[in-house]
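Content type mmCIF, C-alpha atoms, from the file protein_23.cif:
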```
data_my_file
#
loop_
_atom_site.label_atom_id
_atom_site.label_comp_id
_atom_site.auth_asym_id
_atom_site.auth_seq_id
_atom_site.Cartn_x
_atom_site.Cartn_y
_atom_site.Cartn_z
CA MET B 1 32.99 6.41 -0.37
CA SER B 2 29.38 6.10 0.52
CA GLN B 3 28.15 4.95 3.90
CA MET B 4 28.41 1.22 4.64
CA ILE B 5 26.20 -0.49 7.20
CA LYS B 6 26.49 -3.88 8.85
CA VAL B 7 23.26 -5.85 8.75
CA ALA B 8 22.37 -9.11 10.45
CA ILE B 9 19.41 -10.92 8.91
CA THR B 10 18.14 -14.39 9.76
CA VAL B 11 17.57 -16.09 6.42
CA ASN B 12 15.98 -19.54 6.29
CA GLY B 13 16.85 -20.00 9.95
CA GLN B 14 20.53 -19.11 9.53
CA GLN B 15 22.07 -15.94 10.91
CA THR B 16 23.67 -13.97 8.07
CA THR B 17 25.66 -10.76 8.21
CA ALA B 18 27.19 -8.46 5.65
CA THR B 19 28.35 -4.89 5.31
CA VAL B 20 26.27 -3.23 2.62
CA GLU B 21 25.51 0.11 1.07
CA PRO B 22 22.18 1.43 2.39
CA ARG B 23 20.73 1.30 -1.13
CA THR B 24 21.19 -2.48 -1.35
CA LEU B 25 17.82 -4.09 -1.94
CA LEU B 26 16.81 -7.15 0.04
CA VAL B 27 16.60 -9.20 -3.17
CA GLN B 28 20.16 -8.21 -4.05
CA TYR B 29 21.33 -9.12 -0.55
CA LEU B 30 19.75 -12.56 -0.95
CA ARG B 31 21.00 -13.19 -4.47
CA ASP B 32 24.40 -11.47 -4.50
CA ASN B 33 25.59 -11.61 -0.90
CA LEU B 34 24.12 -15.00 0.07
CA ASN B 35 24.00 -16.63 -3.38
CA LEU B 36 20.36 -17.59 -2.75
CA THR B 37 19.32 -17.20 -6.38
CA ALA B 38 15.91 -18.90 -6.33
CA THR B 39 14.26 -15.56 -5.59
CA ASN B 40 13.94 -13.95 -9.01
CA ILE B 41 13.97 -10.33 -10.10
CA GLY B 42 11.26 -9.78 -12.67
CA CYS B 43 9.87 -6.29 -13.18
CA ASP B 44 12.00 -4.70 -10.43
CA THR B 45 9.15 -2.21 -9.85
CA SER B 46 7.06 -4.07 -7.22
CA SER B 47 4.47 -5.21 -9.75
CA CYS B 48 5.24 -8.79 -10.78
CA GLY B 49 5.86 -10.58 -7.48
CA ALA B 50 8.70 -12.81 -8.76
CA CYS B 51 10.83 -11.55 -5.85
CA THR B 52 8.26 -12.44 -3.16
CA VAL B 53 9.79 -13.73 0.09
CA HIS B 54 8.50 -13.88 3.66
CA LEU B 55 9.55 -11.15 6.09
CA ASN B 56 8.61 -12.24 9.60
CA GLY B 57 6.19 -14.72 8.07
CA GLU B 58 4.41 -12.33 5.69
CA ALA B 59 4.76 -12.18 1.90
CA VAL B 60 6.61 -9.07 0.72
CA LYS B 61 8.31 -7.93 -2.47
CA SER B 62 12.04 -8.03 -1.83
CA CYS B 63 12.80 -5.65 -4.73
CA THR B 64 11.09 -2.85 -2.81
CA ILE B 65 12.68 -3.39 0.59
CA LEU B 66 16.16 -2.28 1.55
CA ALA B 67 18.41 -4.82 3.21
CA VAL B 68 18.81 -2.34 6.08
CA GLN B 69 15.04 -2.42 6.59
CA ALA B 70 15.27 -6.18 7.13
CA ASP B 71 18.17 -5.84 9.59
CA GLY B 72 17.46 -7.99 12.63
CA GLU B 73 14.40 -9.61 11.03
CA ASN B 74 13.50 -13.09 9.80
CA VAL B 75 13.43 -13.78 6.07
CA THR B 76 12.35 -17.00 4.38
CA THR B 77 13.01 -17.70 0.70
CA VAL B 78 11.78 -20.64 -1.33
CA GLU B 79 15.10 -22.37 -0.55
CA GLY B 80 14.04 -22.46 3.09
CA LEU B 81 10.76 -24.31 2.60
CA ALA B 82 11.84 -27.92 2.14
CA ASN B 83 12.41 -30.19 5.12
CA GLY B 84 15.58 -31.97 4.04
CA ASN B 85 14.68 -33.74 0.81
CA GLU B 86 10.97 -33.43 1.46
CA MET B 87 9.39 -30.54 -0.34
CA HIS B 88 6.94 -28.20 1.36
CA PRO B 89 3.32 -29.30 0.75
CA MET B 90 2.75 -26.16 -1.35
CA GLN B 91 5.69 -27.11 -3.56
CA GLN B 92 4.29 -30.64 -3.83
CA ALA B 93 0.87 -29.24 -4.77
CA PHE B 94 2.43 -27.13 -7.54
CA MET B 95 4.21 -30.23 -8.85
CA ALA B 96 1.15 -32.49 -8.65
CA ASN B 97 -1.08 -29.94 -10.39
CA HIS B 98 1.43 -28.78 -12.99
CA GLY B 99 1.29 -25.31 -11.44
CA LEU B 100 4.18 -23.99 -13.48
CA GLN B 101 5.26 -23.65 -17.06
CA CYS B 102 8.59 -21.82 -17.49
CA GLY B 103 8.98 -21.60 -13.71
CA TYR B 104 10.20 -18.03 -13.47
CA CYS B 105 7.28 -16.78 -11.37
CA THR B 106 7.09 -19.98 -9.34
CA PRO B 107 9.26 -19.12 -6.30
CA GLY B 108 7.28 -15.91 -5.81
CA MET B 109 3.97 -17.65 -6.45
CA VAL B 110 4.74 -20.36 -3.88
CA MET B 111 5.78 -17.82 -1.22
CA ALA B 112 2.75 -15.60 -1.89
CA ALA B 113 0.44 -18.63 -1.85
CA ILE B 114 1.70 -19.90 1.53
CA SER B 115 1.16 -16.45 3.04
CA LEU B 116 -2.31 -16.25 1.48
CA VAL B 117 -3.49 -19.60 2.84
CA LYS B 118 -2.13 -18.70 6.27
CA ASP B 119 -4.48 -15.69 6.31
CA ILE B 120 -7.39 -17.41 4.51
CA PRO B 121 -7.19 -21.09 5.49
CA ASN B 122 -10.13 -22.22 3.35
CA PRO B 123 -10.00 -19.99 0.29
CA THR B 124 -12.46 -20.03 -2.58
CA GLU B 125 -11.16 -19.95 -6.12
CA GLU B 126 -11.96 -16.22 -6.18
CA ASP B 127 -10.01 -15.70 -2.92
CA VAL B 128 -6.98 -17.31 -4.54
CA ARG B 129 -7.27 -15.35 -7.78
CA ILE B 130 -7.62 -12.03 -5.95
CA GLY B 131 -5.09 -13.03 -3.29
CA LEU B 132 -2.43 -13.68 -5.92
CA GLU B 133 -3.09 -10.43 -7.83
CA GLY B 134 0.42 -9.27 -6.92
CA ASN B 135 2.04 -12.16 -8.82
CA LEU B 136 2.20 -12.25 -12.60
CA CYS B 137 2.74 -15.39 -14.68
CA ARG B 138 3.83 -14.37 -18.17
CA CYS B 139 3.12 -17.88 -19.44
CA THR B 140 -0.43 -17.06 -18.27
CA GLY B 141 -0.55 -20.40 -16.50
CA TYR B 142 -2.90 -19.11 -13.86
CA HIS B 143 -5.44 -21.93 -14.04
CA ASN B 144 -3.12 -24.62 -12.71
CA ILE B 145 -1.50 -22.25 -10.23
CA VAL B 146 -4.92 -21.57 -8.72
CA GLN B 147 -5.71 -25.31 -8.74
CA SER B 148 -2.41 -25.99 -6.95
CA VAL B 149 -3.16 -23.51 -4.19
CA LEU B 150 -6.69 -24.86 -3.75
CA ALA B 151 -5.34 -28.44 -3.62
CA TYR B 152 -2.84 -27.41 -0.95
CA ALA B 153 -5.54 -25.67 1.10
CA GLU B 154 -7.86 -28.70 0.86
CA GLY B 155 -5.11 -31.18 1.67
CA LYS B 156 -3.70 -29.38 4.70
CA MET F 1 17.94 -1.39 -10.04
CA TYR F 2 19.78 0.34 -7.24
CA PRO F 3 18.50 3.71 -6.10
CA ALA F 4 21.11 6.47 -6.19
CA ALA F 5 23.38 6.37 -3.13
CA PHE F 6 22.12 7.91 0.10
CA ASP F 7 23.01 7.96 3.77
CA TYR F 8 20.78 6.01 6.12
CA LYS F 9 19.61 7.07 9.58
CA ARG F 10 17.48 5.01 11.91
CA PRO F 11 16.11 7.20 14.73
CA GLU F 12 14.75 5.63 17.91
CA SER F 13 11.85 8.06 18.32
CA ALA F 14 9.64 10.48 16.40
CA ALA F 15 11.39 13.36 18.18
CA GLU F 16 14.79 12.14 16.98
CA ALA F 17 13.41 11.70 13.45
CA ILE F 18 12.17 15.30 13.43
CA SER F 19 15.46 16.55 14.78
CA LEU F 20 17.30 14.66 11.99
CA VAL F 21 15.08 16.07 9.27
CA ASN F 22 15.78 19.55 10.63
CA GLU F 23 19.47 18.85 10.46
CA PHE F 24 19.44 17.63 6.84
CA GLY F 25 16.57 19.75 5.48
CA ASP F 26 15.36 19.29 1.91
CA ASP F 27 17.94 16.58 1.14
CA ALA F 28 16.31 14.17 3.59
CA LYS F 29 13.18 12.04 3.23
CA PHE F 30 11.34 9.92 5.75
CA LEU F 31 11.20 6.22 4.88
CA ALA F 32 8.17 4.37 6.28
CA GLY F 33 7.17 1.19 4.40
CA GLY F 34 8.97 2.53 1.34
CA HIS F 35 6.34 1.38 -1.13
CA SER F 36 5.81 4.83 -2.62
CA LEU F 37 9.31 6.24 -2.11
CA LEU F 38 11.60 3.36 -3.11
CA PRO F 39 10.02 2.83 -6.56
CA LEU F 40 10.46 6.56 -7.25
CA MET F 41 14.08 6.40 -6.08
CA LYS F 42 14.86 3.38 -8.26
CA LEU F 43 13.58 5.32 -11.27
CA ARG F 44 15.56 8.43 -10.17
CA LEU F 45 12.33 10.40 -9.92
CA ALA F 46 13.34 11.10 -6.33
CA GLN F 47 16.94 11.36 -5.20
CA PRO F 48 17.17 12.18 -1.50
CA THR F 49 20.70 12.03 -0.12
CA VAL F 50 19.56 11.04 3.38
CA LEU F 51 16.84 8.53 4.27
CA ILE F 52 15.44 8.68 7.79
CA ASP F 53 13.95 5.24 8.44
CA ILE F 54 10.95 5.66 10.73
CA GLY F 55 9.55 2.24 9.84
CA ARG F 56 10.39 0.73 13.21
CA LEU F 57 8.76 3.39 15.38
CA ALA F 58 6.17 1.01 16.79
CA ASP F 59 4.49 3.72 18.88
CA LEU F 60 3.24 5.31 15.63
CA SER F 61 1.39 2.13 14.61
CA TYR F 62 -2.06 1.90 16.25
CA VAL F 63 -5.81 2.16 15.71
CA ARG F 64 -7.56 3.66 18.75
CA ASP F 65 -11.09 4.62 19.71
CA ALA F 66 -10.90 8.32 20.61
CA GLY F 67 -14.57 9.04 21.31
CA ASP F 68 -16.06 10.80 18.30
CA HIS F 69 -13.27 9.65 16.00
CA ILE F 70 -10.83 6.83 15.40
CA ALA F 71 -7.15 7.77 15.73
CA ILE F 72 -4.78 5.94 13.42
CA GLY F 73 -1.00 6.09 13.82
CA ALA F 74 0.72 7.18 10.62
CA LEU F 75 2.84 4.02 10.49
CA THR F 76 -0.15 1.68 10.59
CA ARG F 77 0.20 -0.66 7.64
CA HIS F 78 -2.53 -1.00 5.01
CA LYS F 79 -3.07 -4.58 6.14
CA ASP F 80 -3.71 -3.45 9.71
CA VAL F 81 -6.14 -0.74 8.55
CA GLU F 82 -7.90 -3.27 6.33
CA THR F 83 -8.34 -5.80 9.14
CA SER F 84 -8.93 -3.44 12.08
CA ALA F 85 -12.12 -4.45 13.91
CA LEU F 86 -12.53 -0.86 15.15
CA LEU F 87 -12.37 0.55 11.64
CA ARG F 88 -14.58 -2.21 10.22
CA GLN F 89 -17.18 -1.19 12.80
CA HIS F 90 -16.88 2.61 12.78
CA VAL F 91 -15.26 3.60 9.48
CA PRO F 92 -15.72 0.62 7.14
CA LEU F 93 -15.17 2.86 4.10
CA LEU F 94 -11.53 3.39 5.10
CA ALA F 95 -10.92 -0.28 5.93
CA ASP F 96 -12.35 -1.27 2.53
CA ALA F 97 -10.34 1.37 0.67
CA ALA F 98 -7.15 0.08 2.34
CA ALA F 99 -8.01 -3.40 1.05
CA HIS F 100 -7.90 -1.96 -2.50
CA VAL F 101 -4.34 -0.59 -2.21
CA GLY F 102 -1.81 -2.42 -4.40
CA ASP F 103 -1.73 -6.12 -3.60
CA ARG F 104 -1.28 -8.26 -0.48
CA GLN F 105 2.50 -7.94 -0.48
CA VAL F 106 2.30 -4.16 -0.83
CA ARG F 107 -0.26 -3.97 1.99
CA HIS F 108 2.11 -5.88 4.27
CA ARG F 109 4.62 -3.01 4.00
CA GLY F 110 2.91 0.21 2.90
CA THR F 111 1.55 2.55 5.56
CA ILE F 112 -1.45 4.88 5.69
CA GLY F 113 0.74 7.83 6.64
CA GLY F 114 3.21 7.13 3.85
CA SER F 115 0.44 6.96 1.27
CA ILE F 116 -1.16 10.20 2.46
CA ALA F 117 2.12 12.11 2.79
CA HIS F 118 3.05 10.98 -0.73
CA ALA F 119 -0.15 12.80 -1.81
CA ASP F 120 -0.67 10.94 -5.07
CA SER F 121 -4.08 11.77 -6.51
CA ALA F 122 -4.15 8.30 -8.10
CA SER F 123 -3.82 6.59 -4.70
CA ASP F 124 -6.88 5.20 -2.97
CA LEU F 125 -6.39 6.57 0.55
CA PRO F 126 -5.93 10.33 -0.05
CA ALA F 127 -9.37 10.61 -1.71
CA THR F 128 -10.89 8.40 0.97
CA ILE F 129 -9.73 10.54 3.89
CA LEU F 130 -10.86 13.60 1.95
CA ALA F 131 -14.39 12.15 1.59
CA LEU F 132 -14.35 11.29 5.30
CA GLY F 133 -13.29 14.78 6.39
CA ALA F 134 -10.30 13.42 8.30
CA LYS F 135 -7.86 15.53 10.29
CA LEU F 136 -4.11 15.07 10.00
CA ILE F 137 -1.83 15.63 12.96
CA VAL F 138 1.68 16.66 11.99
CA GLU F 139 4.66 17.25 14.23
CA GLY F 140 7.61 19.55 13.68
CA ILE F 141 10.37 20.97 15.82
CA GLY F 142 7.94 23.61 17.13
CA GLY F 143 5.29 21.11 18.17
CA ARG F 144 2.11 19.64 16.74
CA ARG F 145 -0.46 21.14 14.43
CA GLU F 146 -3.65 19.91 12.86
CA ILE F 147 -4.42 20.10 9.13
CA SER F 148 -7.84 19.19 7.77
CA ALA F 149 -7.74 16.79 4.82
CA VAL F 150 -9.35 19.43 2.60
CA ASP F 151 -6.36 21.74 3.21
CA PHE F 152 -3.72 19.01 2.97
CA PHE F 153 -3.48 18.18 -0.74
CA LYS F 154 -1.90 21.11 -2.56
CA GLY F 155 -0.85 19.84 -5.98
CA PHE F 156 0.70 16.91 -7.83
CA LEU F 157 2.55 14.89 -5.14
CA GLU F 158 2.47 18.05 -3.03
CA SER F 159 1.02 18.37 0.46
CA ALA F 160 0.79 21.01 3.17
CA LEU F 161 3.51 19.19 5.13
CA LEU F 162 6.56 21.39 5.62
CA PRO F 163 9.90 19.73 4.79
CA ASP F 164 10.72 19.36 8.49
CA GLU F 165 7.34 17.99 9.56
CA LEU F 166 6.28 14.40 10.16
CA LEU F 167 2.70 13.16 9.73
CA VAL F 168 2.01 11.30 12.99
CA GLU F 169 -1.73 10.61 13.19
CA ILE F 170 -4.86 10.46 11.06
CA GLN F 171 -8.16 11.16 12.81
CA VAL F 172 -11.28 9.91 11.03
CA PRO F 173 -14.79 10.70 12.28
CA LYS F 174 -16.94 7.70 13.23
CA LEU F 175 -19.59 6.99 10.63
CA SER F 176 -20.99 3.84 12.18
CA ASN F 177 -24.49 4.29 10.72
CA ALA F 178 -23.63 5.64 7.29
CA GLY F 179 -23.97 3.79 4.00
CA TRP F 180 -20.65 3.71 2.18
CA SER F 181 -19.00 2.60 -1.04
CA PHE F 182 -15.48 2.49 -2.41
CA LEU F 183 -15.31 1.83 -6.14
CA LYS F 184 -12.08 1.42 -8.05
CA PHE F 185 -12.16 1.01 -11.81
CA ASN F 186 -9.04 -0.42 -13.39
CA ARG F 187 -8.27 -2.70 -16.30
CA ARG F 188 -5.85 -5.03 -14.55
CA ALA F 189 -5.64 -6.36 -11.01
CA GLN F 190 -3.37 -4.33 -8.68
CA ASP F 191 -3.28 -1.31 -11.06
CA TRP F 192 -3.90 2.24 -9.96
CA ALA F 193 -7.49 3.36 -10.39
CA ILE F 194 -8.34 4.84 -13.79
CA VAL F 195 -11.07 6.49 -11.73
CA GLY F 196 -12.04 5.73 -8.14
CA VAL F 197 -14.82 6.98 -5.87
CA ALA F 198 -15.01 7.05 -2.09
CA ALA F 199 -18.49 7.90 -0.81
CA TRP F 200 -20.57 7.76 2.37
CA ARG F 201 -24.06 8.95 3.22
CA ASP F 202 -26.16 8.99 6.37
CA ALA F 203 -29.54 10.55 7.21
CA GLY F 204 -28.27 14.12 7.06
CA ASN F 205 -24.90 14.29 5.30
CA CYS F 206 -22.72 12.72 2.68
CA GLY F 207 -19.14 12.86 1.45
CA VAL F 208 -17.83 12.07 -2.02
CA ALA F 209 -14.26 12.25 -3.32
CA LEU F 210 -12.62 11.13 -6.55
CA VAL F 211 -9.39 9.22 -7.21
CA ASN F 212 -7.23 10.14 -10.22
CA MET F 213 -9.46 12.94 -11.50
CA GLY F 214 -6.93 15.77 -11.23
CA SER F 215 -3.54 16.64 -9.82
CA THR F 216 -4.93 16.23 -6.29
CA PRO F 217 -7.66 13.99 -4.91
CA ILE F 218 -10.92 15.80 -5.66
CA LEU F 219 -13.68 16.56 -3.20
CA ALA F 220 -16.94 16.49 -5.17
CA THR F 221 -18.54 19.40 -3.32
CA SER F 222 -21.19 19.99 -5.99
CA VAL F 223 -22.46 16.43 -5.54
CA VAL F 224 -22.50 16.83 -1.77
CA ARG F 225 -24.38 20.14 -2.01
CA ALA F 226 -26.93 18.72 -4.43
CA ILE F 227 -27.66 15.78 -2.14
CA ALA F 228 -28.01 18.19 0.81
CA ASP F 229 -30.49 20.21 -1.26
CA GLY F 230 -32.58 17.12 -1.90
CA ALA F 231 -31.48 16.23 -5.44
CA SER F 232 -31.87 12.66 -6.68
CA VAL F 233 -28.78 10.48 -6.83
CA ALA F 234 -28.85 10.61 -10.64
CA ASP F 235 -29.04 14.43 -10.70
CA ALA F 236 -26.31 14.77 -8.08
CA ALA F 237 -24.01 12.27 -9.85
CA ALA F 238 -24.27 14.32 -13.05
CA LEU F 239 -22.29 16.99 -11.15
CA ALA F 240 -19.47 14.55 -10.28
CA CYS F 241 -16.82 16.35 -12.33
CA VAL F 242 -17.61 20.00 -11.61
CA GLU F 243 -14.50 20.27 -9.41
CA ALA F 244 -12.40 17.70 -11.31
CA GLU F 245 -9.62 18.36 -13.82
CA PRO F 246 -9.08 14.94 -15.39
CA GLN F 247 -6.05 14.31 -17.59
CA SER F 248 -5.70 12.06 -20.61
CA ASP F 249 -3.09 9.29 -20.46
CA ASN F 250 -2.42 5.81 -21.86
CA ASN F 251 -5.28 4.34 -19.85
CA ALA F 252 -8.07 6.77 -20.64
CA THR F 253 -8.94 10.10 -22.20
CA ALA F 254 -10.20 12.95 -20.04
CA GLU F 255 -13.63 12.56 -21.68
CA TYR F 256 -13.75 8.86 -20.79
CA ARG F 257 -12.71 9.63 -17.20
CA THR F 258 -15.42 12.28 -16.93
CA HIS F 259 -18.10 9.85 -18.05
CA LEU F 260 -16.72 7.09 -15.83
CA ALA F 261 -16.66 9.32 -12.75
CA GLN F 262 -20.33 10.20 -13.23
CA VAL F 263 -21.28 6.53 -13.60
CA LEU F 264 -19.22 5.48 -10.57
CA VAL F 265 -20.50 8.29 -8.35
CA LYS F 266 -24.06 7.25 -9.16
CA ARG F 267 -23.28 3.61 -8.38
CA ALA F 268 -21.53 4.55 -5.17
CA LEU F 269 -24.36 6.77 -3.95
CA ASP F 270 -26.93 4.13 -4.90
CA THR F 271 -25.00 1.66 -2.73
CA CYS F 272 -24.83 4.20 0.12
CA SER F 273 -28.57 4.77 -0.06
CA ARG F 274 -29.52 1.11 0.16
#
```
Turn the structure described in the file into structure tokens.
Amino acid sequence: MSQMIKVAITVNGQQTTATVEPRTLLVQYLRDNLNLTATNIGCDTSSCGACTVHLNGEAVKSCTILAVQADGENVTTVEGLANGNEMHPMQQAFMANHGLQCGYCTPGMVMAAISLVKDIPNPTEEDVRIGLEGNLCRCTGYHNIVQSVLAYAEGK
Amino acid sequence: MYPAAFDYKRPESAAEAISLVNEFGDDAKFLAGGHSLLPLMKLRLAQPTVLIDIGRLADLSYVRDAGDHIAIGALTRHKDVETSALLRQHVPLLADAAAHVGDRQVRHRGTIGGSIAHADSASDLPATILALGAKLIVEGIGGRREISAVDFFKGFLESALLPDELLVEIQVPKLSNAGWSFLKFNRRAQDWAIVGVAAWRDAGNCGVALVNMGSTPILATSVVRAIADGASVADAAALACVEAEPQSDNNATAEYRTHLAQVLVKRALDTCSR
């Protein structure tokens, strides 16, 4: 029997706890332990960004973080963005600008984009394109994704 | 993908971390941000049975003015190196190189010490600290010792760190008045460099090192010597690969890399000389 460790992670404002193997990835904790399945696993090698969540307010790739590394910390997933039935303004911007095609990369894109605009409040198009380099859209729908992020930044 | 199973330790201090690594020896690895180690573990290219998580040791995360050099704690994240006002002022080459590592999410987690200890010749920071002539402070059970960057990189993913030693600080000389350039050539955003160049030059000296041009980061000593002897940038850059041992892979042949390194070294030195 391998070692088991109790972790306590605040996810979307709620205290969560579980006893996990140390090798449990944060994305697996979110999806399998908490049933928060909006955060997707894409490449599973920290390249594609589909698993992007916020750890203490910063965008990170949850496939490359152990749940034990997030013990005691604050995690936000795309499920935690809406205020009741009102979507987060970044989500609204993606909808208004058709910033998604198949939608698989979208949760990660939205989380990465919010973190980006927090650091660069008035980004240029180039800032957005470079700032989202860690998120791949295999539909190649980058144009409208970039327009969505710019619309959000302008409308803030 | 789960990594293979391991036991997890979370020491409260560097001293406790070093004591733990002495206890478990070769089976143990330090875990900092995990952005070099965890991908290797998921692919079973590394299979430590004990991980010693030093990621929360906040007293190893700092950027300090130490007179003639800037002292950087090994657990300082790439993002904090990239945005450090002290480094932007005194060692902008290193701050800019840190901004080229991975992507924003990676830079929120990965650390300078983790990247250097991983000793990947394709990484941006090992070559950069080599060009800068940095010193590395490592701590073991017997105390601290200093290793110069030029003596640190021993082979493919191999450094002068002993298995029971922890890299604790990186000391980079101030180069406030030097011209500098970090160039990274890759085909896709966020990729490793096919070839990269870190270079600086002031009135009397220069430093040039190459990314992904051999099994270790490569110090281009022939270029540096030529510049010191008064050669033109073009003549010096032609010597870019004298010390290099480039490999062929899916991204580029060794011949292509050799040509690219010469072009990039010339561009970098031209930028430094402006």
Original post:
Within 12 Å of Lys118 in chain B, counting all atoms listed in the file, which residues qualify if same-chain residues fewer than 6 places away don't, as a list of chain:residue names?
Top reply: B:His54, B:Gly57, B:Glu58, B:Ala59, B:Met90, B:Met111, B:Ala112, B:Val128, B:Gly131, B:Val149, B:Tyr152, B:Ala153, B:Lys156
Original post:
With distances taken over all atoms listed in the file, which of B:His143, B:Lys6, B:Arg129, B:His88 is nearest to Val68 in chain B?
Top reply: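 Closest candidate: B:Lys6.
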Original post:
What do you get, as a VMD selection string, if you spell out every residue that the PyMOL selection byres ((chain B) within 8 of (chain F)) selects here?
Top reply: chain B and resid 2 to 3 21 to 25 44 to 47 52 58 to 61 64 to 65 69 112 130 to 134
Subject >> Residue among B:Leu36, B:Ala8, B:Ala151, B:Val20 lying closest to Pro107 in chain B, counting all atoms listed in the file >> reply: B:Leu36
Original post:
Taking into account only C-alpha atoms, which residue in the set B:Asn56, B:Thr19, B:Gln147, B:Asn122 is nearest to Asn97 in chain B?
Top reply: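 Among B:Asn56, B:Thr19, B:Gln147, B:Asn122, it is B:Gln147 that comes nearest to Asn97 in chain B.
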**OP:** Could you check how far CA of Asn135 in chain B sits from CA of Cys48 in chain B, in Å to one decimal?
**Re:**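 If I compute the distance from CA of Asn135 in chain B to CA of Cys48 in chain B, I get 5.0 Å.
Every protein, DNA or RNA residue with an atom at most 12 Å from Asn251 in chain F, where all atoms listed in the file count and chain neighbours fewer than 6 positions away do not, is listed here: Phe185, Asn186, Arg187, Arg188, Asp191, Trp192, Ala193, Ile194, Val195, Asn212 and Arg257 of chain F.
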For the residues selected in the previous step, produce a file with C-alpha atoms as a PDB file, in the frame of the given file.
```pdb
ATOM      1  CA  PHE F 185     -12.160   1.010 -11.810  1.00  0.00           C
ATOM      2  CA  ASN F 186      -9.040  -0.420 -13.390  1.00  0.00           C
ATOM      3  CA  ARG F 187      -8.270  -2.700 -16.300  1.00  0.00           C
ATOM      4  CA  ARG F 188      -5.850  -5.030 -14.550  1.00  0.00           C
ATOM      5  CA  ASP F 191      -3.280  -1.310 -11.060  1.00  0.00           C
ATOM      6  CA  TRP F 192      -3.900   2.240  -9.960  1.00  0.00           C
ATOM      7  CA  ALA F 193      -7.490   3.360 -10.390  1.00  0.00           C
ATOM      8  CA  ILE F 194      -8.340   4.840 -13.790  1.00  0.00           C
ATOM      9  CA  VAL F 195     -11.070   6.490 -11.730  1.00  0.00           C
ATOM     10  CA  ASN F 212      -7.230  10.140 -10.220  1.00  0.00           C
ATOM     11  CA  ARG F 257     -12.710   9.630 -17.200  1.00  0.00           C
TER      12      ARG F 257
END
```
